[in-house]
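The structure under discussion appears below in the form of structure tokens.
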Amino acid sequence: MTSIPNQNRTALLPMVICCALFFIFGFVTWANGTLIPFLKLALNLETDLQAFFVTFASYIAYFFLALPSSWILQKIGFKNGLVLGMVILGVGSLIFIPAADNRSYGLFLTGIFIQGSAMALLQTAVNPYLSIIGPIDSAAARISIAGLCNKGAGVLVPIIFGVLFLKNSAETTARINATTDINAKNAILDELLQRVHTPYIVLAVVFVLFAVLIKFVNLPEVEAEEDIIDETSKVKAKSSIFQYPHLFLGAFAIFCCVAVEVMAGDGIATYGRELNINPDIVRFSTSFTLICMLVGYVIGIIAIPKIISQQMALRICAVLGVTLTFVSSFSTGNLSFYSVALLGLANSLMWPAIFPLGIKGLGRFTKTGSAIMIMGIAGGALVLPIYGFLKDTLNIDFQHAFLYTLLPAYLFIIFFAIRGHKAGSGK
């Protein structure tokens, strides 16, 4: 495979492939926003906390698979890693078929976990690749372009899956509640779950075909930067990844970033139902959040680094997140609901800014550092169960629970934007 050094302009073909992969990531990830209410209805789950294990199964895979993914990539290479990841993604999608046929929540969660494992491998490869196929100072702009594809898919999937899975959901819920005969109720639920078959078979085929495409496309490898040594002072290159504290602070910032993204994207439907927003509006609520994220990505593409730095963009977004969290928590009705959707704008430039800041200057540790950053995606596994526990188990008002869940995450991101990314640099 061709090798290209770090350069002053972005390589086009790798950028196109990365954008396509980010679209796939978005489609699979943001399908969770629709699967949460769908599986709660179709599997007759009792609480939101139970349904929130959909996101837990997806995001916890990143914690366990990110570092092994780094090792796999070192052994088989970037390109073969992408092929393997796409095939595994297809396998995870096919597991939805027996899960639906057997009405097994455990099998659904297994399929979702396998999908998450595949995306851990893919993201461990693609994110550092995207950061170093061009100048590091404009990495946030490149990630924003890929983010447009990611969140563009996120806008589409709730609309498509909302129509396929949640069509007439209010009527179906009423029928289930009105039916006392267990066999009749089971027939309704079985009919509902049959909606899973066609979409996930189609997805599996698409993923495998894309794996074949990647296999036959000439994708260049990108060399990570070598360690920088100050010859005048004879300072030795760092010998351990633990000598880069900004990396671990960055990984926790990613943890917080994904947590607030998931809360605003996947949690908004539950939040909207608690506010008694019209169900026909609520089923597209994830799309509202992601449209706001798309607006933010466009702003990032235009502004970074020409007008503002990655660090300043991160500060602005985090402060906006704090503001909107307070507005949503202390208002009612549509104002509260759409304030949550507007968190998509606040969250938009966080990942694009945090990731390159976290891996900046790692040299030969870039691949391992990327895997550690990807482990931070596990924040998406915990945030909704924490929210559900506060709301359903501790009986805290759902808006106060929302505030308690999100505020600490935004405050840490502000710290990383101001001081954390400089840790260990002596600045």
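Just remember, in the structure tokens the first chain shown is A, the second B, etc., residues are 1-based per chain, and ligands are 1-based in the order shown.
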Inset, instruction - Please provide as a PyMOL selection string all residues within 7 Å of stretch 328-338 of chain A, with the sequence filter that same-chain residues fewer than 2 positions apart are discarded (counting only C-alpha atoms). - result: chain A and resi 272+275+324-326+340-342+399-400+402-403
For A:Leu67: contacts at 8 Å, only C-alpha atoms, fewer than 4 positions along chain excluded, given as a PDB file with N, CA, C and O atoms, in the first residue's frame:
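The result, stored in result36.pdb:
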ATOM      1  N   TRP A  71      -4.304  -2.941  18.444  1.00  0.00           N
ATOM      2  CA  TRP A  71      -3.406  -4.087  18.220  1.00  0.00           C
ATOM      3  C   TRP A  71      -3.755  -4.777  16.896  1.00  0.00           C
ATOM      4  O   TRP A  71      -2.857  -5.137  16.122  1.00  0.00           O
ATOM      5  N   THR A 368      -1.865   4.192  19.495  1.00  0.00           N
ATOM      6  CA  THR A 368      -2.311   3.780  20.822  1.00  0.00           C
ATOM      7  C   THR A 368      -3.109   4.894  21.486  1.00  0.00           C
ATOM      8  O   THR A 368      -4.133   4.655  22.127  1.00  0.00           O
ATOM      9  N   ALA A 371      -6.577   4.974  20.235  1.00  0.00           N
ATOM     10  CA  ALA A 371      -7.397   3.925  20.840  1.00  0.00           C
ATOM     11  C   ALA A 371      -7.881   4.344  22.224  1.00  0.00           C
ATOM     12  O   ALA A 371      -9.035   4.097  22.598  1.00  0.00           O
ATOM     13  N   ILE A 372      -7.008   4.991  22.982  1.00  0.00           N
ATOM     14  CA  ILE A 372      -7.400   5.471  24.309  1.00  0.00           C
ATOM     15  C   ILE A 372      -8.479   6.544  24.195  1.00  0.00           C
ATOM     16  O   ILE A 372      -9.450   6.568  24.971  1.00  0.00           O
ATOM     17  N   MET A 375     -11.752   4.930  23.499  1.00  0.00           N
ATOM     18  CA  MET A 375     -12.343   4.339  24.696  1.00  0.00           C
ATOM     19  C   MET A 375     -13.297   5.320  25.381  1.00  0.00           C
ATOM     20  O   MET A 375     -14.267   4.913  26.029  1.00  0.00           O
TER      21      MET A 375
END
Inset, instruction - Give the answer as one residue: which of A:Leu213, A:Ala100, A:Leu362, A:Pro305 has the shortest atom-to-atom distance to A:Pro135, using only C-alpha atoms? - result: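 Comparing A:Leu213, A:Ala100, A:Leu362, A:Pro305 against A:Pro135, the winner is A:Pro305.
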Inset, instruction - Using only C-alpha atoms, pick whichever of A:Gly81, A:Gly106, A:Gly380, A:Pro98 has the shortest atom-to-atom distance to A:Phe252. - result: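 Going through A:Gly81, A:Gly106, A:Gly380, A:Pro98 one by one, the smallest distance to A:Phe252 is for A:Gly380.
Each of A:Phe78, A:Phe210, A:Phe255, A:Tyr129 was compared to A:Tyr410 using only C-alpha atoms, and A:Phe255 turns out to be the nearest.
If you count only C-alpha atoms and ignore residues fewer than 6 places along the chain from A:Pro385, what sits within 9 Å of it is A:Asp48, A:Leu49, A:Gln50, A:Ala51, A:Phe52, A:Phe53, A:Thr55, A:Phe56.
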